[in-house]
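Asker: The structure follows.
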There are 2 protein chains.
Amino acid sequence: MFEITNPLKSISRRQPRGAPSGEADNPQSPVLRLPETEALALDSGVSLAPLQIAYQTYGTLNAARSNAILLCHALTGDQHVANTHPVTGKKGWWATMVGPGKPIDTNRYFVIATNVLGGCMGTTGPAATNPATGRAYGLDFPVVTIRDMVRAQALLLDNLGIEQLLCVAGGSMGGMQVLQWAASYPERVFAAMPIATASRHSSQNIAFHEVGRQAIMADPNWRGGRYLDEGVSPTKGLAVARMAAHITYLSEQALQNKFGRNLQNRDAHTFSFDADFQVENYLRYQGSSFVDRFDANSYLYVTRACDYFDLAADYDGSLARAFQNTPTRFCVISFTSDWLYPTSASRAIVHALNAGGASVSFVEIQSDKGHDAFLLEEPDFHATTRGFLSAAAEARGIGHSATEAA
Amino acid sequence: MFEITNPLKSISRRQPRGAPSGEADNPQSPVLRLPETEALALDSGVSLAPLQIAYQTYGTLNAARSNAILLCHALTGDQHVANTHPVTGKKGWWATMVGPGKPIDTNRYFVIATNVLGGCMGTTGPAATNPATGRAYGLDFPVVTIRDMVRAQALLLDNLGIEQLLCVAGGSMGGMQVLQWAASYPERVFAAMPIATASRHSSQNIAFHEVGRQAIMADPNWRGGRYLDEGVSPTKGLAVARMAAHITYLSEQALQNKFGRNLQNRDAHTFSFDADFQVENYLRYQGSSFVDRFDANSYLYVTRACDYFDLAADYDGSLARAFQNTPTRFCVISFTSDWLYPTSASRAIVHALNAGGASVSFVEIQSDKGHDAFLLEEPDFHATTRGFLSAAAEARGIGHSATEAA
């Protein structure tokens, strides 16, 4: 499955690293540029302006503007959900899920995805040029929260003239945004699908993120966050961060099934520190390829946003209060082998929704693939998604194609 | 519990780093120095000489030489089991377990512990001076295996005049040595206690170790392993490695109970990358303090030895064959919340022992402390150890004190 034999030496450089231009400022996707006068008020107290929001859309908005689905991406995802990625040349991260005839059927729905605030694919973030200095923001970019990300998405919807979403859906950090959407803008969310997520980051979640941040900041090429100005890049630190995180995305069983103790193109141990084992080679590849498409400072910011996420804390410690009398219908989804955001975290969300009087269904998908299951071909998961969206569409009087009369 | 407020800036330097002298060559413990002529034949094919083995003993060897217990340490442990550690000034890693009247009762047993081959506390390893060059071995040190570590321990026992051990015991990597002892020298092991361990490293185990190694090797101060010669030290990389590993030593529940989302000496998020959360501060402290007592290259070697460990592979893939007709009595111990070497790994050992016709008892200790439970106050674990050793001692006709007639 993995044919790269010496990945650390075969890093491809499809776009220059260490430059604040490229996708961060001028994304290869639609982008909303708000004027300096329309600042975004952040949880930190900072007013961020000017703001730009990079996004993608798929399908057609119907006449009633009622068939829009917002998809929220995970930590290192982006707006390129179902098209070829402009940097990696690979398929979008949810290409299996989104498209004509697929569970999120673009013949029927108008799908929107944004790059999150603090990201590096065209929505304002630390790799973007700070107009005040003409250089990349770096650590001058304010620390943002999941709620700030959602605020930026709401601004985009305002500009697109979409009052209410048929559904907001997403996994992992995307699921946090889904929960925040339902809490912040209940009237704008007809249906919500938080997947493989949690209403707050656990101590272990924070711990893994902190390891990643420390790995980046330990890299001397990080330069206190000013690497873009100095023409270098903390690629080694970022690769180590990605490797550590990647282990948490797979279940122990998935790693065992996929790699076990199999050796990498050799018959015996080399008694060295080469990548003797396939799993080592795989991790090195994950680290090496990641640094081609992701900004190290952005990684600091998105992990921090997750760590700060604790939805109940904004409602006097009561998660149920966040969803009190919510009009939104929910489908909460977890995967049995996900140990990053385990089923227990989804159950806690379901309990709070029940206590808040919400309409909620809960589906735990049997899978040995771990957290990443939400990105993979999981027939039960896809069927659940298709069914939940279809029921929501029917309840909203949406036809089977976007051009059909509602 | 953790009072260090800014640990990354408060690293104490009790002994100079970056020098091949100190504990690696001249340990503050007894040391066996073998002549150049007595080389150790390693699994890699290399003959290692001269060899020195640093060790500690507690209690008194009885006249019959039948009351010796060998304790094998985990990844970053050492021979300082129950005395004040000469570098950290802290209590030995098993001070709760070993001593007069304690479960491993030094009034009754003669306890021996060695620093493992490849370690950095006085047994020959990469931080030791290579007599061929007068400089530290660094990566010129051969990659060693768990079996090599056990071979070195057997040499020490030969020199101490101990033919048979009453028991060999250890947790984690120490448990691997226990299994290897029983397989390699069944007649020398009356009883064996492998604790919180596995007969082979899983794909996930290897993956976590590889992250640690990559973190070290990504540190420019690692200098291709030659940092000791160059007067520098890859402390940042080693600290990151330790942080990542440390998460695997605790259960998710233990982290949640200990730290949850508690903030570190502050009332609110700082919207920065400071250690806002106690768990971040704790991890940074673990990383910072570790680099004061451990050699980065040694970390590469001991993790590699674990990754290479697959006892069944040496017996045509049959773990049962490793223990066929073994005379040794076993007590296999696991902890319910240990996700690094989970109960299933211990069960696999028990099944193989049963298939091999061994005398074996298996105890799964209820604990929410994770892998580290074997180092902590766990009354059921301590009682199990005391009972198993006592029964073994009685079967060997050992009295209640070492000076009592056997």
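Just so we're on the same page: first chain in the structure tokens is A, next is B, and so on; residues restart at 1 for each chain, and ligands are numbered from 1 in the order they show up.
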Using only C-alpha atoms, which protein or nucleic acid residues come within 12 Å of Pro30 in chain B? Drop anything in the same chain fewer than 4 positions from it, and give the result as a PDB file with N, CA and C atoms, in the first residue's frame.
Answerer:
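out.pdb, freshly written:
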ATOM      1  N   GLU B  23      28.194   9.086  35.264  1.00  0.00           N
ATOM      2  CA  GLU B  23      27.626   7.763  35.555  1.00  0.00           C
ATOM      3  C   GLU B  23      27.916   6.734  34.474  1.00  0.00           C
ATOM      4  N   ASP B  25      30.470   6.040  32.642  1.00  0.00           N
ATOM      5  CA  ASP B  25      31.737   5.324  32.789  1.00  0.00           C
ATOM      6  C   ASP B  25      32.026   4.919  34.234  1.00  0.00           C
ATOM      7  N   ASN B  26      31.683   5.818  35.144  1.00  0.00           N
ATOM      8  CA  ASN B  26      32.036   5.595  36.548  1.00  0.00           C
ATOM      9  C   ASN B  26      30.814   5.737  37.438  1.00  0.00           C
ATOM     10  N   GLN B  52      31.188  -3.518  30.834  1.00  0.00           N
ATOM     11  CA  GLN B  52      31.012  -3.332  32.275  1.00  0.00           C
ATOM     12  C   GLN B  52      29.527  -3.308  32.602  1.00  0.00           C
ATOM     13  N   ILE B  53      29.231  -3.828  33.782  1.00  0.00           N
ATOM     14  CA  ILE B  53      27.836  -3.956  34.212  1.00  0.00           C
ATOM     15  C   ILE B  53      27.696  -3.310  35.581  1.00  0.00           C
ATOM     16  N   ALA B  54      26.889  -2.261  35.624  1.00  0.00           N
ATOM     17  CA  ALA B  54      26.650  -1.556  36.890  1.00  0.00           C
ATOM     18  C   ALA B  54      25.427  -2.177  37.556  1.00  0.00           C
ATOM     19  N   TYR B  55      25.498  -2.321  38.855  1.00  0.00           N
ATOM     20  CA  TYR B  55      24.386  -2.985  39.544  1.00  0.00           C
ATOM     21  C   TYR B  55      24.268  -2.484  40.969  1.00  0.00           C
ATOM     22  N   GLN B  56      23.172  -2.858  41.574  1.00  0.00           N
ATOM     23  CA  GLN B  56      22.969  -2.621  42.997  1.00  0.00           C
ATOM     24  C   GLN B  56      22.496  -3.916  43.629  1.00  0.00           C
ATOM     25  N   THR B  57      22.766  -4.066  44.885  1.00  0.00           N
ATOM     26  CA  THR B  57      22.183  -5.189  45.622  1.00  0.00           C
ATOM     27  C   THR B  57      21.603  -4.670  46.936  1.00  0.00           C
ATOM     28  N   TYR B  58      20.621  -5.396  47.418  1.00  0.00           N
ATOM     29  CA  TYR B  58      19.955  -5.067  48.686  1.00  0.00           C
ATOM     30  C   TYR B  58      19.750  -6.389  49.416  1.00  0.00           C
ATOM     31  N   GLN B  79      19.611   0.709  37.927  1.00  0.00           N
ATOM     32  CA  GLN B  79      19.892  -0.212  39.025  1.00  0.00           C
ATOM     33  C   GLN B  79      19.487   0.347  40.387  1.00  0.00           C
ATOM     34  N   HIS B  80      19.154   1.630  40.426  1.00  0.00           N
ATOM     35  CA  HIS B  80      18.867   2.271  41.713  1.00  0.00           C
ATOM     36  C   HIS B  80      17.411   2.062  42.097  1.00  0.00           C
ATOM     37  N   ILE B 112      18.989  -8.082  43.445  1.00  0.00           N
ATOM     38  CA  ILE B 112      20.007  -7.583  42.511  1.00  0.00           C
ATOM     39  C   ILE B 112      19.299  -6.818  41.403  1.00  0.00           C
ATOM     40  N   ALA B 113      19.869  -5.698  41.018  1.00  0.00           N
ATOM     41  CA  ALA B 113      19.350  -4.983  39.844  1.00  0.00           C
ATOM     42  C   ALA B 113      20.530  -4.468  39.056  1.00  0.00           C
ATOM     43  N   THR B 114      20.485  -4.611  37.757  1.00  0.00           N
ATOM     44  CA  THR B 114      21.563  -4.085  36.917  1.00  0.00           C
ATOM     45  C   THR B 114      21.024  -2.936  36.075  1.00  0.00           C
ATOM     46  N   ASN B 115      21.897  -2.087  35.661  1.00  0.00           N
ATOM     47  CA  ASN B 115      21.558  -1.163  34.579  1.00  0.00           C
ATOM     48  C   ASN B 115      21.644  -1.987  33.293  1.00  0.00           C
ATOM     49  N   MET B 121      23.653   4.412  32.879  1.00  0.00           N
ATOM     50  CA  MET B 121      23.978   4.571  34.297  1.00  0.00           C
ATOM     51  C   MET B 121      25.106   3.639  34.734  1.00  0.00           C
ATOM     52  N   GLY B 122      25.940   3.253  33.795  1.00  0.00           N
ATOM     53  CA  GLY B 122      27.144   2.540  34.195  1.00  0.00           C
ATOM     54  C   GLY B 122      27.356   1.200  33.504  1.00  0.00           C
ATOM     55  N   THR B 123      26.290   0.635  32.947  1.00  0.00           N
ATOM     56  CA  THR B 123      26.494  -0.538  32.094  1.00  0.00           C
ATOM     57  C   THR B 123      26.829  -0.014  30.698  1.00  0.00           C
ATOM     58  N   LEU B 156      26.797 -11.281  34.944  1.00  0.00           N
ATOM     59  CA  LEU B 156      26.947 -10.732  36.295  1.00  0.00           C
ATOM     60  C   LEU B 156      26.654 -11.806  37.335  1.00  0.00           C
ATOM     61  N   LEU B 160      28.836 -13.263  40.356  1.00  0.00           N
ATOM     62  CA  LEU B 160      28.400 -13.190  41.757  1.00  0.00           C
ATOM     63  C   LEU B 160      28.250 -14.595  42.353  1.00  0.00           C
TER      64      LEU B 160
END
Asker: Residues of chain B were defined as contacting chain A if any atom lay at most 7 Å from it, counting only C-alpha atoms; please report them as a list in words.
Answerer: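 Applying the cut-off to the listed atoms yields Ser44, Val143, Ser202, Ser203, Gln204, Ala207, Glu210, Val211, Gln214, Ala215, Ala218, Asp219, Lys236, Val240, Met243, Ala244, Glu252, Leu255, Gln256, Phe259, Gly260, Arg261, Phe271, Ser272, Val279 and Glu280 of chain B.
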Asker: Next, dump the selected residues to file, keeping only N, CA and C atoms, as an mmCIF file, in the first residue's frame.
Answerer:
data_model
loop_
_atom_site.group_PDB
_atom_site.id
_atom_site.type_symbol
_atom_site.label_atom_id
_atom_site.label_comp_id
_atom_site.auth_asym_id
_atom_site.auth_seq_id
_atom_site.Cartn_x
_atom_site.Cartn_y
_atom_site.Cartn_z
ATOM 1 N N SER B 44 23.339 -9.034 17.098
ATOM 2 C CA SER B 44 23.681 -8.360 15.842
ATOM 3 C C SER B 44 24.894 -8.989 15.167
ATOM 4 N N VAL B 143 23.561 -1.967 18.043
ATOM 5 C CA VAL B 143 22.162 -2.101 18.467
ATOM 6 C C VAL B 143 22.033 -3.410 19.243
ATOM 7 N N SER B 202 3.845 -4.329 19.804
ATOM 8 C CA SER B 202 2.802 -4.164 18.789
ATOM 9 C C SER B 202 3.177 -3.043 17.834
ATOM 10 N N SER B 203 2.427 -2.960 16.760
ATOM 11 C CA SER B 203 2.629 -1.890 15.789
ATOM 12 C C SER B 203 2.506 -0.515 16.457
ATOM 13 N N GLN B 204 1.514 -0.360 17.323
ATOM 14 C CA GLN B 204 1.336 0.928 18.008
ATOM 15 C C GLN B 204 2.508 1.204 18.953
ATOM 16 N N ALA B 207 5.271 2.377 16.900
ATOM 17 C CA ALA B 207 4.960 3.715 16.383
ATOM 18 C C ALA B 207 5.304 4.793 17.415
ATOM 19 N N GLU B 210 8.999 5.173 17.669
ATOM 20 C CA GLU B 210 9.573 5.821 16.484
ATOM 21 C C GLU B 210 9.386 7.348 16.567
ATOM 22 N N VAL B 211 8.249 7.792 17.063
ATOM 23 C CA VAL B 211 8.042 9.232 17.246
ATOM 24 C C VAL B 211 9.112 9.805 18.172
ATOM 25 N N GLN B 214 12.448 9.928 16.357
ATOM 26 C CA GLN B 214 12.478 10.994 15.356
ATOM 27 C C GLN B 214 12.596 12.359 16.025
ATOM 28 N N ALA B 215 11.951 12.519 17.166
ATOM 29 C CA ALA B 215 12.054 13.800 17.892
ATOM 30 C C ALA B 215 13.502 14.061 18.289
ATOM 31 N N ALA B 218 15.631 14.724 15.172
ATOM 32 C CA ALA B 218 15.285 15.996 14.537
ATOM 33 C C ALA B 218 15.966 17.178 15.224
ATOM 34 N N ASP B 219 16.467 16.946 16.430
ATOM 35 C CA ASP B 219 17.108 18.034 17.170
ATOM 36 C C ASP B 219 18.500 18.264 16.586
ATOM 37 N N LYS B 236 16.035 19.294 23.796
ATOM 38 C CA LYS B 236 14.656 19.600 23.374
ATOM 39 C C LYS B 236 14.009 18.387 22.720
ATOM 40 N N VAL B 240 10.786 16.210 24.146
ATOM 41 C CA VAL B 240 9.573 15.933 23.374
ATOM 42 C C VAL B 240 9.307 14.420 23.334
ATOM 43 N N MET B 243 7.845 13.444 26.607
ATOM 44 C CA MET B 243 6.465 13.911 26.749
ATOM 45 C C MET B 243 5.496 12.961 26.032
ATOM 46 N N ALA B 244 5.850 12.620 24.798
ATOM 47 C CA ALA B 244 4.968 11.728 24.025
ATOM 48 C C ALA B 244 4.843 10.384 24.722
ATOM 49 N N GLU B 252 -6.141 7.410 30.237
ATOM 50 C CA GLU B 252 -6.945 8.600 29.972
ATOM 51 C C GLU B 252 -7.643 9.037 31.270
ATOM 52 N N LEU B 255 -5.222 10.725 33.769
ATOM 53 C CA LEU B 255 -4.971 12.118 33.397
ATOM 54 C C LEU B 255 -6.180 12.981 33.747
ATOM 55 N N GLN B 256 -7.354 12.454 33.461
ATOM 56 C CA GLN B 256 -8.567 13.217 33.736
ATOM 57 C C GLN B 256 -8.725 13.442 35.249
ATOM 58 N N PHE B 259 -5.656 15.851 36.392
ATOM 59 C CA PHE B 259 -5.569 17.221 35.870
ATOM 60 C C PHE B 259 -6.879 17.727 35.265
ATOM 61 N N GLY B 260 -7.628 16.835 34.651
ATOM 62 C CA GLY B 260 -8.828 17.281 33.950
ATOM 63 C C GLY B 260 -8.488 18.425 33.018
ATOM 64 N N ARG B 261 -9.301 19.477 33.063
ATOM 65 C CA ARG B 261 -9.032 20.684 32.283
ATOM 66 C C ARG B 261 -8.608 21.830 33.210
ATOM 67 N N PHE B 271 -5.087 32.941 26.050
ATOM 68 C CA PHE B 271 -5.073 33.129 24.598
ATOM 69 C C PHE B 271 -3.626 33.262 24.101
ATOM 70 N N SER B 272 -2.851 32.294 24.531
ATOM 71 C CA SER B 272 -1.444 32.238 24.129
ATOM 72 C C SER B 272 -1.039 30.774 24.090
ATOM 73 N N VAL B 279 -2.102 19.965 32.796
ATOM 74 C CA VAL B 279 -1.523 18.797 32.123
ATOM 75 C C VAL B 279 -0.377 19.207 31.205
ATOM 76 N N GLU B 280 -0.449 20.411 30.644
ATOM 77 C CA GLU B 280 0.661 20.897 29.820
ATOM 78 C C GLU B 280 1.892 21.144 30.680
#
Asker: Between B:Gly175, B:Gly370, B:Gly225, B:Gly399, which residue has the minimum interatomic distance to Ile333 in chain B, considering only C-alpha atoms?
Answerer: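 Ranked by minimum distance to Ile333 in chain B, first place goes to B:Gly175.
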Asker: Quick one: residues within 9 Å of Glu230 in chain B, only C-alpha atoms, excluding same-chain residues fewer than 3 positions away - as JSON, numbers by chain?
Answerer: {"B": [18, 221, 223, 226, 227, 233]}
Asker: May I have the selected residues written with N, CA and C atoms, as a compact mmCIF listing (two decimals), in the first residue's frame?
Answerer:
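The file below, selection_30.txt, is the result:
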# COMPACT_ATOMS: atom_id res chain seq x y z
N GLY B 18 26.34 16.30 28.36
CA GLY B 18 27.21 16.41 27.19
C GLY B 18 28.62 15.96 27.47
N ASN B 221 20.98 19.53 17.72
CA ASN B 221 22.04 19.26 18.69
C ASN B 221 22.31 17.76 18.86
N ARG B 223 23.38 16.01 16.41
CA ARG B 223 24.62 15.94 15.62
C ARG B 223 24.94 14.52 15.14
N ARG B 226 26.65 12.42 17.72
CA ARG B 226 27.98 12.77 18.22
C ARG B 226 27.96 13.97 19.18
N TYR B 227 26.81 14.23 19.77
CA TYR B 227 26.65 15.43 20.61
C TYR B 227 27.60 15.45 21.81
N SER B 233 23.83 18.99 23.55
CA SER B 233 22.92 17.94 23.99
C SER B 233 21.54 18.15 23.37
Asker: Show which residues sit within 9 Å of Pro126 in chain A, as a ChimeraX atom specification. Count only C-alpha atoms, and ignore same-chain residues fewer than 3 positions away.
Answerer: /A:24,118-120,129-130,136-142,295,297-298,301
Asker: Using only C-alpha atoms, which of B:Val302, B:Cys167, B:Val116, B:Val363 sits nearest Leu179 in chain B?
Answerer: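 Of B:Val302, B:Cys167, B:Val116, B:Val363, the one nearest Leu179 in chain B, counting only C-alpha atoms, is B:Cys167.
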Asker: Please return, as an MDAnalysis selection string, all residues of range 170-391 of chain B that DSSP assigns to helix (DSSP H, G or I) on the basis of the backbone.
Answerer: chainID B and resid 173:184 186:188 203:218 220:225 227:230 235:249 252:258 278:290 296:308 311:315 319:322 343:355 370:375 379:391
Asker: With C-alpha atoms retained, could you export that selection as a compact mmCIF listing (two decimals), in the first residue's frame?
Answerer:
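Once written, selection30.txt looks like this:
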# COMPACT_ATOMS: atom_id res chain seq x y z
CA MET B 173 10.68 -3.59 29.29
CA GLY B 174 11.70 -5.29 32.55
CA GLY B 175 8.93 -7.82 31.95
CA MET B 176 10.36 -8.55 28.51
CA GLN B 177 13.67 -9.37 30.17
CA VAL B 178 11.83 -11.65 32.58
CA LEU B 179 10.26 -13.55 29.68
CA GLN B 180 13.62 -13.74 27.93
CA TRP B 181 15.28 -15.05 31.10
CA ALA B 182 12.71 -17.81 31.42
CA ALA B 183 13.12 -18.74 27.76
CA SER B 184 16.93 -18.53 27.58
CA PRO B 186 14.92 -21.93 32.31
CA GLU B 187 17.08 -23.84 34.81
CA ARG B 188 18.34 -20.62 36.34
CA SER B 203 2.63 -1.89 15.79
CA GLN B 204 1.34 0.93 18.01
CA ASN B 205 4.15 0.35 20.52
CA ILE B 206 6.71 0.63 17.72
CA ALA B 207 4.96 3.72 16.38
CA PHE B 208 5.19 5.61 19.67
CA HIS B 209 8.86 4.70 20.02
CA GLU B 210 9.57 5.82 16.48
CA VAL B 211 8.04 9.23 17.25
CA GLY B 212 10.40 9.57 20.19
CA ARG B 213 13.42 8.61 18.13
CA GLN B 214 12.48 10.99 15.36
CA ALA B 215 12.05 13.80 17.89
CA ILE B 216 15.59 13.19 19.16
CA MET B 217 17.13 12.86 15.71
CA ALA B 218 15.28 16.00 14.54
CA PRO B 220 20.09 19.67 15.45
CA ASN B 221 22.04 19.26 18.69
CA TRP B 222 21.85 15.53 18.24
CA ARG B 223 24.62 15.94 15.62
CA GLY B 224 24.16 12.51 14.12
CA GLY B 225 24.65 11.04 17.57
CA TYR B 227 26.65 15.43 20.61
CA LEU B 228 28.78 14.27 23.53
CA ASP B 229 31.96 14.92 21.58
CA GLU B 230 30.71 18.28 20.47
CA THR B 235 17.65 18.16 25.23
CA LYS B 236 14.66 19.60 23.37
CA GLY B 237 14.21 16.56 21.19
CA LEU B 238 14.67 14.22 24.12
CA ALA B 239 12.15 16.20 26.16
CA VAL B 240 9.57 15.93 23.37
CA ALA B 241 10.24 12.18 23.15
CA ARG B 242 9.65 11.85 26.87
CA MET B 243 6.46 13.91 26.75
CA ALA B 244 4.97 11.73 24.02
CA ALA B 245 5.95 8.54 25.83
CA HIS B 246 4.68 9.81 29.14
CA ILE B 247 1.14 10.10 27.81
CA THR B 248 1.21 6.38 27.09
CA TYR B 249 2.20 5.58 30.68
CA GLU B 252 -6.94 8.60 29.97
CA GLN B 253 -8.84 8.36 33.26
CA ALA B 254 -5.72 8.93 35.33
CA LEU B 255 -4.97 12.12 33.40
CA GLN B 256 -8.57 13.22 33.74
CA ASN B 257 -8.60 12.51 37.49
CA LYS B 258 -5.24 14.14 38.06
CA GLN B 278 -2.01 21.79 34.39
CA VAL B 279 -1.52 18.80 32.12
CA GLU B 280 0.66 20.90 29.82
CA ASN B 281 2.75 22.05 32.73
CA TYR B 282 3.04 18.49 33.99
CA LEU B 283 4.23 17.20 30.62
CA ARG B 284 6.73 20.00 30.20
CA TYR B 285 8.08 19.17 33.63
CA GLN B 286 8.33 15.48 32.74
CA GLY B 287 10.26 16.38 29.61
CA SER B 288 12.56 18.90 31.28
CA SER B 289 13.45 16.77 34.26
CA PHE B 290 14.08 13.68 32.15
CA ALA B 296 19.47 10.70 24.25
CA ASN B 297 21.34 7.99 22.37
CA SER B 298 20.60 5.54 25.14
CA TYR B 299 16.93 6.33 24.58
CA LEU B 300 17.32 5.34 20.95
CA TYR B 301 18.92 2.02 21.92
CA VAL B 302 16.53 0.93 24.64
CA THR B 303 13.46 1.78 22.55
CA ARG B 304 14.97 -0.14 19.64
CA ALA B 305 15.57 -3.17 21.82
CA CYS B 306 11.88 -3.17 22.79
CA ASP B 307 10.75 -2.79 19.18
CA TYR B 308 12.89 -5.73 18.10
CA LEU B 311 10.02 -13.77 21.68
CA ALA B 312 7.93 -16.14 19.56
CA ALA B 313 9.92 -15.19 16.46
CA ASP B 314 12.98 -16.87 18.00
CA TYR B 315 10.96 -20.10 18.38
CA LEU B 319 5.48 -18.50 21.99
CA ALA B 320 4.45 -21.76 23.63
CA ARG B 321 7.63 -23.35 22.29
CA ALA B 322 9.68 -20.69 24.08
CA THR B 343 -4.26 -7.22 29.62
CA SER B 344 -4.72 -8.90 26.24
CA ALA B 345 -0.93 -8.95 25.83
CA SER B 346 -0.55 -10.63 29.22
CA ARG B 347 -3.29 -13.10 28.35
CA ALA B 348 -1.35 -14.09 25.24
CA ILE B 349 1.64 -14.87 27.47
CA VAL B 350 -0.55 -16.91 29.83
CA HIS B 351 -2.04 -18.89 26.95
CA ALA B 352 1.44 -19.71 25.67
CA LEU B 353 2.59 -20.73 29.13
CA ASN B 354 -0.45 -22.96 29.52
CA ALA B 355 0.21 -24.49 26.13
CA GLY B 370 -2.57 3.04 33.51
CA HIS B 371 0.77 1.46 32.68
CA ASP B 372 2.58 3.30 35.47
CA ALA B 373 0.49 1.40 38.03
CA PHE B 374 3.34 -1.07 38.46
CA LEU B 375 5.50 1.72 39.85
CA PRO B 379 -2.15 -2.68 47.45
CA ASP B 380 -3.48 -5.66 45.48
CA PHE B 381 -0.38 -5.68 43.31
CA HIS B 382 1.90 -5.50 46.32
CA ALA B 383 -0.01 -8.26 48.09
CA THR B 384 0.17 -10.46 44.98
CA THR B 385 3.92 -9.95 44.73
CA ARG B 386 4.48 -10.68 48.40
CA GLY B 387 2.38 -13.84 48.22
CA PHE B 388 3.93 -15.19 45.04
CA LEU B 389 7.49 -14.65 46.30
CA SER B 390 6.69 -16.12 49.68
CA ALA B 391 5.25 -19.28 48.13
Asker: Could you pull out all residues of range 73-307 of chain B with a DSSP call of strand (DSSP E or B) and give them as JSON, numbers by chain?
Answerer: {"B": [98, 99, 104, 105, 110, 111, 112, 113, 114, 129, 130, 135, 136, 165, 166, 167, 168, 169, 170, 171, 189, 190, 191, 192, 193, 194, 195, 200, 263, 277]}
Asker: Find the spatial neighbours of Thr60 in chain A, counting only C-alpha atoms, within a cut-off of 9 Å - ignore same-chain residues fewer than 5 positions away - and output them as a list in words.
Answerer: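 Near Thr60 in chain A, the qualifying residues are Asn67, Ala68, Thr106, Asn107, Arg108, Tyr109, Phe110, Val111, Ala402 and Thr403 of chain A.
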Asker: So which one's closest to Asp148 in chain A, A:Ala132, A:Phe309, A:Asp267, A:Leu166? Using only C-alpha atoms, please.
Answerer: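 Checking each of A:Ala132, A:Phe309, A:Asp267, A:Leu166 against Asp148 in chain A, counting only C-alpha atoms, the winner is A:Phe309.
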Asker: Counting only C-alpha atoms, figure out which residue out of B:Glu38, B:Asp78, B:Asp338, B:Glu163 gets nearest to Ser367 in chain B.
Answerer: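 Looking only at the distances to Ser367 in chain B, the closest residue turns out to be B:Asp338.
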Asker: Would you kindly return, as a count of residues only, each protein, DNA or RNA residue with an atom no farther than 7 Å from any atom of Trp94 in chain B, considering only C-alpha atoms and excluding same-chain residues fewer than 3 positions away?
Answerer: 5
Asker: Skip range 194-197 of chain B itself and residues of its chain fewer than 4 positions away, then list as a PyMOL selection string all residues within 6 Å of it, counting only C-alpha atoms.
Answerer: chain B and resi 169-172+175+178+332-334+341
Asker: Mind pulling up the distance from CA of Leu117 in chain B to CA of Arg147 in chain B?
Answerer: 10.0 Å
